[in-house]
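S.K.: Quick one: this structure, given as structure tokens, is what I'll be asking you about.
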Number of protein chains: 2
Amino acid sequence: MASGKYAKEMDALKEHLAKHHLKFTRQRELILNAFLRQEHITAEAMYHQLAKTDPHLGLATIYRTLNLFCDAGIAQARHFGSQTQYDNVSHKGHHDHLICTGCGKIVEFENCEIEKLQEEVAARNGFSIQTHRLELYGLCTRCRN
Amino acid sequence: MASGKYAKEMDALKEHLAKHHLKFTRQRELILNAFLRQEHITAEAMYHQLAKTDPHLGLATIYRTLNLFCDAGIAQARHFGSQTQYDNVSHKGHHDHLICTGCGKIVEFENCEIEKLQEEVAARNGFSIQTHRLELYGLCTRCRN
DNA sequence: TTGAAATTGATAAGCCCTCTCAAAATTCTA
DNA sequence: TAGAATTTTGAGAGGGCTTATCAATTTCAA
Ligand SMILES: [Mn+2]
Ligand SMILES: [Mn+2]
Ligand SMILES: [Zn+2]
Ligand SMILES: [Zn+2]
């Protein structure tokens, strides 16, 4: 049983590692602690952020580790533009995005009713949903004026 | 005023071209006619399809032209996996997608209730929606067995 | 018809991400 | 705890998809 600020996620990671005969490394611990401070981040951004204190951490390791977090249910990958954003599942529950096409501002929201209707649509078509993506593009108040 | 099966879209394209000082070329006409026969297609697939009758049509031209169609409101780009799908907007009204992560099967759907809730979310946050994207990823009946 | 401006096709370049592989770290075994 | 087995790491190569480059060609307004 891990202690510290992110004990719950650290345990979740260790459980996943044990189950799949993977090892608990300095890098994985390091990246997890950095990741859990974020709401969502790209591998590239995390690479630069960690480079300040750990200049030898490889980019491939960041990618591998973030994908590992997805397997472990700690992160969730989301394609945005040309890059992959890794969402922190624990920090906040699932959420979707409002994106201003004028200034790039992003507002996060959650709407249970929409989520429920999505499930209904899927069920009606014989699908079981794993993930989804809902992005609303438009102009924010400021950009409309 | 164009005539022929796709007169409406041909006119929409010509209007967009005129407004932006762009030119009406053999390739653009060719690609538009091929595109409008599809519900959605990738640049690569269209390249191979057109190569049968026009072996000298360049892949870059296909990409440029499909992106032009997006600007003109005739097509809509949608990232799926590692590729971009270009959706035919006119073929069917607006719709969203259910996508099987197992076999790649795509089911189109529309749901007015979801659309209405999206508007509400946007309004509550001061946004006016221009477009949106809703994709549900999961397993179809067959892939679940 | 003419010439400025846009387009084309071939291919190089770019971006994001994954693969490769030898060295290092971790975990298991005795 | 030493040694062996297994996994991971970091650096860079490789790969898939898309866009940029540029000289030759085409379009189209005057
Ligand atoms: Mn959602
Ligand atoms: Mn919709
Ligand atoms: Zn804005
Ligand atoms: Zn399927």
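By convention in this document, the chains of the structure tokens carry letters A, B, ... by their order, each chain's residues are numbered from 1, and ligands are numbered from 1 in the order they are shown.
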Select residues of chain D: the criterion is any atom within 10 Å of an atom of chain A, counting only C-alpha atoms (C1' of nucleotides); output as number ranges by chain.
M.R.: D: 6-11
S.K.: Can you check the Cα RMSD once chain A has been least-squares fitted onto chain B over every paired atom, in order?
M.R.: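 It comes to 1.2 Å after superposition.
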S.K.: Residues within 12 Å of ligand 2 (only C-alpha atoms (C1' of nucleotides) and all ligand atoms), as number ranges by chain?
M.R.: A: 114, 118, 133-137; B: 93-98, 108-119, 129-136
S.K.: Compute the set of chain C residues within 12 Å of chain A, using only C-alpha atoms (C1' of nucleotides), and express it as a ChimeraX atom specification.
M.R.: /C:15-20,24-28
S.K.: Any chance you could list, as a PyMOL selection string, the residues in segment 43-110 of chain B that come up strand (DSSP E or B) when DSSP is run on the backbone?
M.R.: chain B and resi 75-80+83-88+96-100+106-109
S.K.: Those same residues, written as an mmCIF file, in the first residue's frame with C-alpha atoms?
M.R.:
```
data_model
loop_
_atom_site.group_PDB
_atom_site.id
_atom_site.type_symbol
_atom_site.label_atom_id
_atom_site.label_comp_id
_atom_site.auth_asym_id
_atom_site.auth_seq_id
_atom_site.Cartn_x
_atom_site.Cartn_y
_atom_site.Cartn_z
ATOM 1 C CA ALA B 75 -16.818 18.010 -47.188
ATOM 2 C CA GLN B 76 -15.994 17.626 -43.539
ATOM 3 C CA ALA B 77 -12.740 16.154 -42.258
ATOM 4 C CA ARG B 78 -12.845 13.580 -39.532
ATOM 5 C CA HIS B 79 -9.812 11.924 -37.980
ATOM 6 C CA PHE B 80 -10.185 8.205 -37.621
ATOM 7 C CA GLN B 83 -6.083 8.736 -41.197
ATOM 8 C CA THR B 84 -8.428 11.529 -42.151
ATOM 9 C CA GLN B 85 -11.848 10.616 -43.470
ATOM 10 C CA TYR B 86 -13.546 13.175 -45.682
ATOM 11 C CA ASP B 87 -17.292 13.067 -45.160
ATOM 12 C CA ASN B 88 -19.727 14.013 -47.883
ATOM 13 C CA ASP B 96 -22.463 11.574 -36.085
ATOM 14 C CA HIS B 97 -20.636 8.274 -35.926
ATOM 15 C CA LEU B 98 -20.472 5.035 -34.039
ATOM 16 C CA ILE B 99 -17.142 3.415 -34.773
ATOM 17 C CA CYS B 100 -16.160 -0.166 -34.027
ATOM 18 C CA ILE B 106 -18.923 2.833 -39.040
ATOM 19 C CA VAL B 107 -22.592 3.443 -38.275
ATOM 20 C CA GLU B 108 -24.049 6.868 -38.843
ATOM 21 C CA PHE B 109 -26.729 8.271 -36.606
#
```
S.K.: Find the residues near ligand 4. Use a cut-off of 8 Å, count only C-alpha atoms (C1' of nucleotides) and all ligand atoms, and write them as an MDAnalysis selection string.
M.R.: chainID B and resid 99:105 139:144
S.K.: Give me a file of those residues, with N, CA, C and O atoms, as a compact mmCIF listing (two decimals), in the first residue's frame.
M.R.:
```txt
# COMPACT_ATOMS: atom_id res chain seq x y z
N ILE B 99 -18.28 4.04 -34.09
CA ILE B 99 -17.14 3.42 -34.77
C ILE B 99 -16.67 2.18 -34.00
O ILE B 99 -16.36 2.27 -32.81
N CYS B 100 -16.61 1.06 -34.68
CA CYS B 100 -16.16 -0.17 -34.03
C CYS B 100 -14.64 -0.21 -34.00
O CYS B 100 -13.98 -0.16 -35.04
N THR B 101 -14.09 -0.32 -32.80
CA THR B 101 -12.63 -0.34 -32.67
C THR B 101 -12.08 -1.71 -33.03
O THR B 101 -10.87 -1.88 -33.15
N GLY B 102 -12.98 -2.68 -33.22
CA GLY B 102 -12.52 -4.00 -33.60
C GLY B 102 -12.33 -4.12 -35.10
O GLY B 102 -11.24 -4.43 -35.58
N CYS B 103 -13.39 -3.83 -35.86
CA CYS B 103 -13.35 -4.08 -37.30
C CYS B 103 -13.42 -2.80 -38.13
O CYS B 103 -13.34 -2.86 -39.35
N GLY B 104 -13.57 -1.65 -37.48
CA GLY B 104 -13.57 -0.41 -38.25
C GLY B 104 -14.93 -0.04 -38.82
O GLY B 104 -15.08 1.01 -39.45
N LYS B 105 -15.91 -0.87 -38.60
CA LYS B 105 -17.28 -0.58 -39.07
C LYS B 105 -17.76 0.78 -38.55
O LYS B 105 -17.52 1.12 -37.39
N LEU B 139 -17.31 -1.58 -29.43
CA LEU B 139 -17.32 -2.82 -30.18
C LEU B 139 -18.72 -3.11 -30.71
O LEU B 139 -19.70 -2.97 -29.99
N CYS B 140 -18.77 -3.51 -31.97
CA CYS B 140 -20.06 -3.88 -32.56
C CYS B 140 -20.43 -5.28 -32.08
O CYS B 140 -19.63 -5.96 -31.46
N THR B 141 -21.64 -5.68 -32.40
CA THR B 141 -22.13 -6.97 -31.94
C THR B 141 -21.18 -8.10 -32.30
O THR B 141 -20.79 -8.90 -31.45
N ARG B 142 -20.77 -8.14 -33.55
CA ARG B 142 -19.92 -9.22 -34.02
C ARG B 142 -18.58 -9.26 -33.30
O ARG B 142 -18.09 -10.31 -32.90
N CYS B 143 -17.98 -8.06 -33.13
CA CYS B 143 -16.65 -8.01 -32.52
C CYS B 143 -16.67 -8.30 -31.02
O CYS B 143 -15.64 -8.57 -30.43
N ARG B 144 -17.85 -8.25 -30.42
CA ARG B 144 -17.93 -8.53 -28.99
C ARG B 144 -17.93 -10.05 -28.76
O ARG B 144 -17.65 -10.50 -27.65
```
S.K.: Contacts between ligand 3 and chain B, please, where a residue of chain B counts if it comes within 12 Å (with only C-alpha atoms and all ligand atoms); show its shortest atom pair and distance in Å to one decimal, rows by chain and ascending number, as JSON lines.
M.R.:
```
{"residue": "B:Asn125", "atom": "CA", "partner": "ligand 3", "partner_atom_place_in_ligand_line": "1 (Zn)", "distance": 11.5}
{"residue": "B:Gly126", "atom": "CA", "partner": "ligand 3", "partner_atom_place_in_ligand_line": "1 (Zn)", "distance": 10.0}
{"residue": "B:Phe127", "atom": "CA", "partner": "ligand 3", "partner_atom_place_in_ligand_line": "1 (Zn)", "distance": 8.5}
{"residue": "B:Ser128", "atom": "CA", "partner": "ligand 3", "partner_atom_place_in_ligand_line": "1 (Zn)", "distance": 10.2}
{"residue": "B:Ile129", "atom": "CA", "partner": "ligand 3", "partner_atom_place_in_ligand_line": "1 (Zn)", "distance": 11.6}
```
